[in-house]
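Heads up, the thing below is written out as structure tokens.
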Amino acid sequence: MHNPHIPLTLLVKGDTFATSLSSGERRMPLTVQQTQLAETIDTHVRQVLAHGGGDEALLLSLADYLPTFKQLLDTCAGAEMDLLCDRYDGFYRFAQLLERLAQGIADGSIPVPE
């Protein structure tokens with residue numbers, strides 16, 4: 001499960017999105033749409049894994065689910081993203097994969113074309 005003390009920072013199409021919750025923000029209940037979006041990603045990841053796929057297969061399908069994930073980043077506070085990660089293992093795995101990609105790009109271990 002996601003450690004709520006470690007904020008997710010993600011790099012998506014050149015933009016950095018911080019999903020940490022500041023001390024002044026209140027936790028809001030998740031909307032039906034947010035839950036459905038997270039379930040869409042969770043279901044996809046679970047299906048890939050059930051068919052023997054791993055991170056490579058998830059990377060190949062990543063672009064198809066980035067708009068869904070970005071919609072959640074745009075509408076969820078950090079605590080809400082943490083809640084979704086705690087609730088949906090597949091969603092958490094997807095977020096972790098994006099986080100590792102962002103870190104690799106940031107530290108130069110994953111080269112990107114200029």
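Chain labels A, B, ... are given in the sequence in which chains occur in the structure tokens; within each chain residues are numbered consecutively from 1, and ligands are likewise numbered from 1 in the order shown.
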
What's the 9 Å shell around His44 (chain A), counting only C-alpha atoms, without same-chain residues fewer than 6 positions away, as a VMD selection string?
chain A and resid 58 65 90 to 91

Selection file, C-alpha atoms, as an mmCIF file, in the first residue's frame:
```
data_model
loop_
_atom_site.group_PDB
_atom_site.id
_atom_site.type_symbol
_atom_site.label_atom_id
_atom_site.label_comp_id
_atom_site.auth_asym_id
_atom_site.auth_seq_id
_atom_site.Cartn_x
_atom_site.Cartn_y
_atom_site.Cartn_z
ATOM 1 C CA LEU A 58 1.679 -1.896 -18.686
ATOM 2 C CA TYR A 65 -4.688 5.506 -19.672
ATOM 3 C CA GLY A 90 -3.942 -1.941 -9.708
ATOM 4 C CA PHE A 91 -4.343 1.826 -9.601
#
```

Residues near Arg46 (chain A), anyone? I mean within 12 Å using only C-alpha atoms, not counting same-chain ones fewer than 6 positions away, as a ChimeraX atom specification.
/A:39-40,52-55,57-58,88-94

Can you write out the residues you just picked, keeping N, CA and C atoms, as an mmCIF file, in the first residue's frame?
```cif
data_model
loop_
_atom_site.group_PDB
_atom_site.id
_atom_site.type_symbol
_atom_site.label_atom_id
_atom_site.label_comp_id
_atom_site.auth_asym_id
_atom_site.auth_seq_id
_atom_site.Cartn_x
_atom_site.Cartn_y
_atom_site.Cartn_z
ATOM 1 N N GLU A 39 -11.236 3.011 -10.991
ATOM 2 C CA GLU A 39 -11.607 1.620 -11.253
ATOM 3 C C GLU A 39 -11.258 1.211 -12.682
ATOM 4 N N THR A 40 -11.364 2.150 -13.630
ATOM 5 C CA THR A 40 -11.000 1.864 -15.018
ATOM 6 C C THR A 40 -9.523 1.483 -15.111
ATOM 7 N N GLY A 52 -0.634 -12.544 -17.410
ATOM 8 C CA GLY A 52 0.800 -12.788 -17.357
ATOM 9 C C GLY A 52 1.668 -11.593 -17.690
ATOM 10 N N GLY A 53 1.061 -10.442 -17.921
ATOM 11 C CA GLY A 53 1.837 -9.241 -18.221
ATOM 12 C C GLY A 53 2.425 -8.634 -16.956
ATOM 13 N N GLY A 54 3.393 -7.784 -17.163
ATOM 14 C CA GLY A 54 4.030 -7.083 -16.057
ATOM 15 C C GLY A 54 4.215 -5.630 -16.427
ATOM 16 N N ASP A 55 5.258 -5.036 -15.888
ATOM 17 C CA ASP A 55 5.507 -3.613 -16.134
ATOM 18 C C ASP A 55 5.698 -3.299 -17.615
ATOM 19 N N ALA A 57 4.295 -4.760 -20.239
ATOM 20 C CA ALA A 57 2.971 -4.719 -20.866
ATOM 21 C C ALA A 57 2.201 -3.477 -20.426
ATOM 22 N N LEU A 58 2.343 -3.118 -19.166
ATOM 23 C CA LEU A 58 1.679 -1.896 -18.686
ATOM 24 C C LEU A 58 2.249 -0.661 -19.374
ATOM 25 N N TYR A 88 -7.333 0.646 -4.389
ATOM 26 C CA TYR A 88 -7.204 -0.097 -5.645
ATOM 27 C C TYR A 88 -5.747 -0.448 -5.910
ATOM 28 N N ASP A 89 -5.407 -1.717 -5.736
ATOM 29 C CA ASP A 89 -4.024 -2.166 -5.913
ATOM 30 C C ASP A 89 -3.512 -1.920 -7.331
ATOM 31 N N GLY A 90 -4.358 -2.160 -8.330
ATOM 32 C CA GLY A 90 -3.942 -1.941 -9.708
ATOM 33 C C GLY A 90 -3.690 -0.467 -9.988
ATOM 34 N N PHE A 91 -4.533 0.385 -9.452
ATOM 35 C CA PHE A 91 -4.343 1.826 -9.601
ATOM 36 C C PHE A 91 -3.027 2.241 -8.948
ATOM 37 N N TYR A 92 -2.761 1.699 -7.769
ATOM 38 C CA TYR A 92 -1.515 1.992 -7.064
ATOM 39 C C TYR A 92 -0.308 1.556 -7.890
ATOM 40 N N ARG A 93 -0.399 0.368 -8.484
ATOM 41 C CA ARG A 93 0.723 -0.114 -9.305
ATOM 42 C C ARG A 93 0.949 0.817 -10.500
ATOM 43 N N PHE A 94 -0.117 1.287 -11.115
ATOM 44 C CA PHE A 94 -0.020 2.214 -12.236
ATOM 45 C C PHE A 94 0.647 3.517 -11.784
#
```

Report, in Å with one decimal, the straight-line distance from CA of Ile110 (chain A) to CA of Leu37 (chain A).
28.2 Å
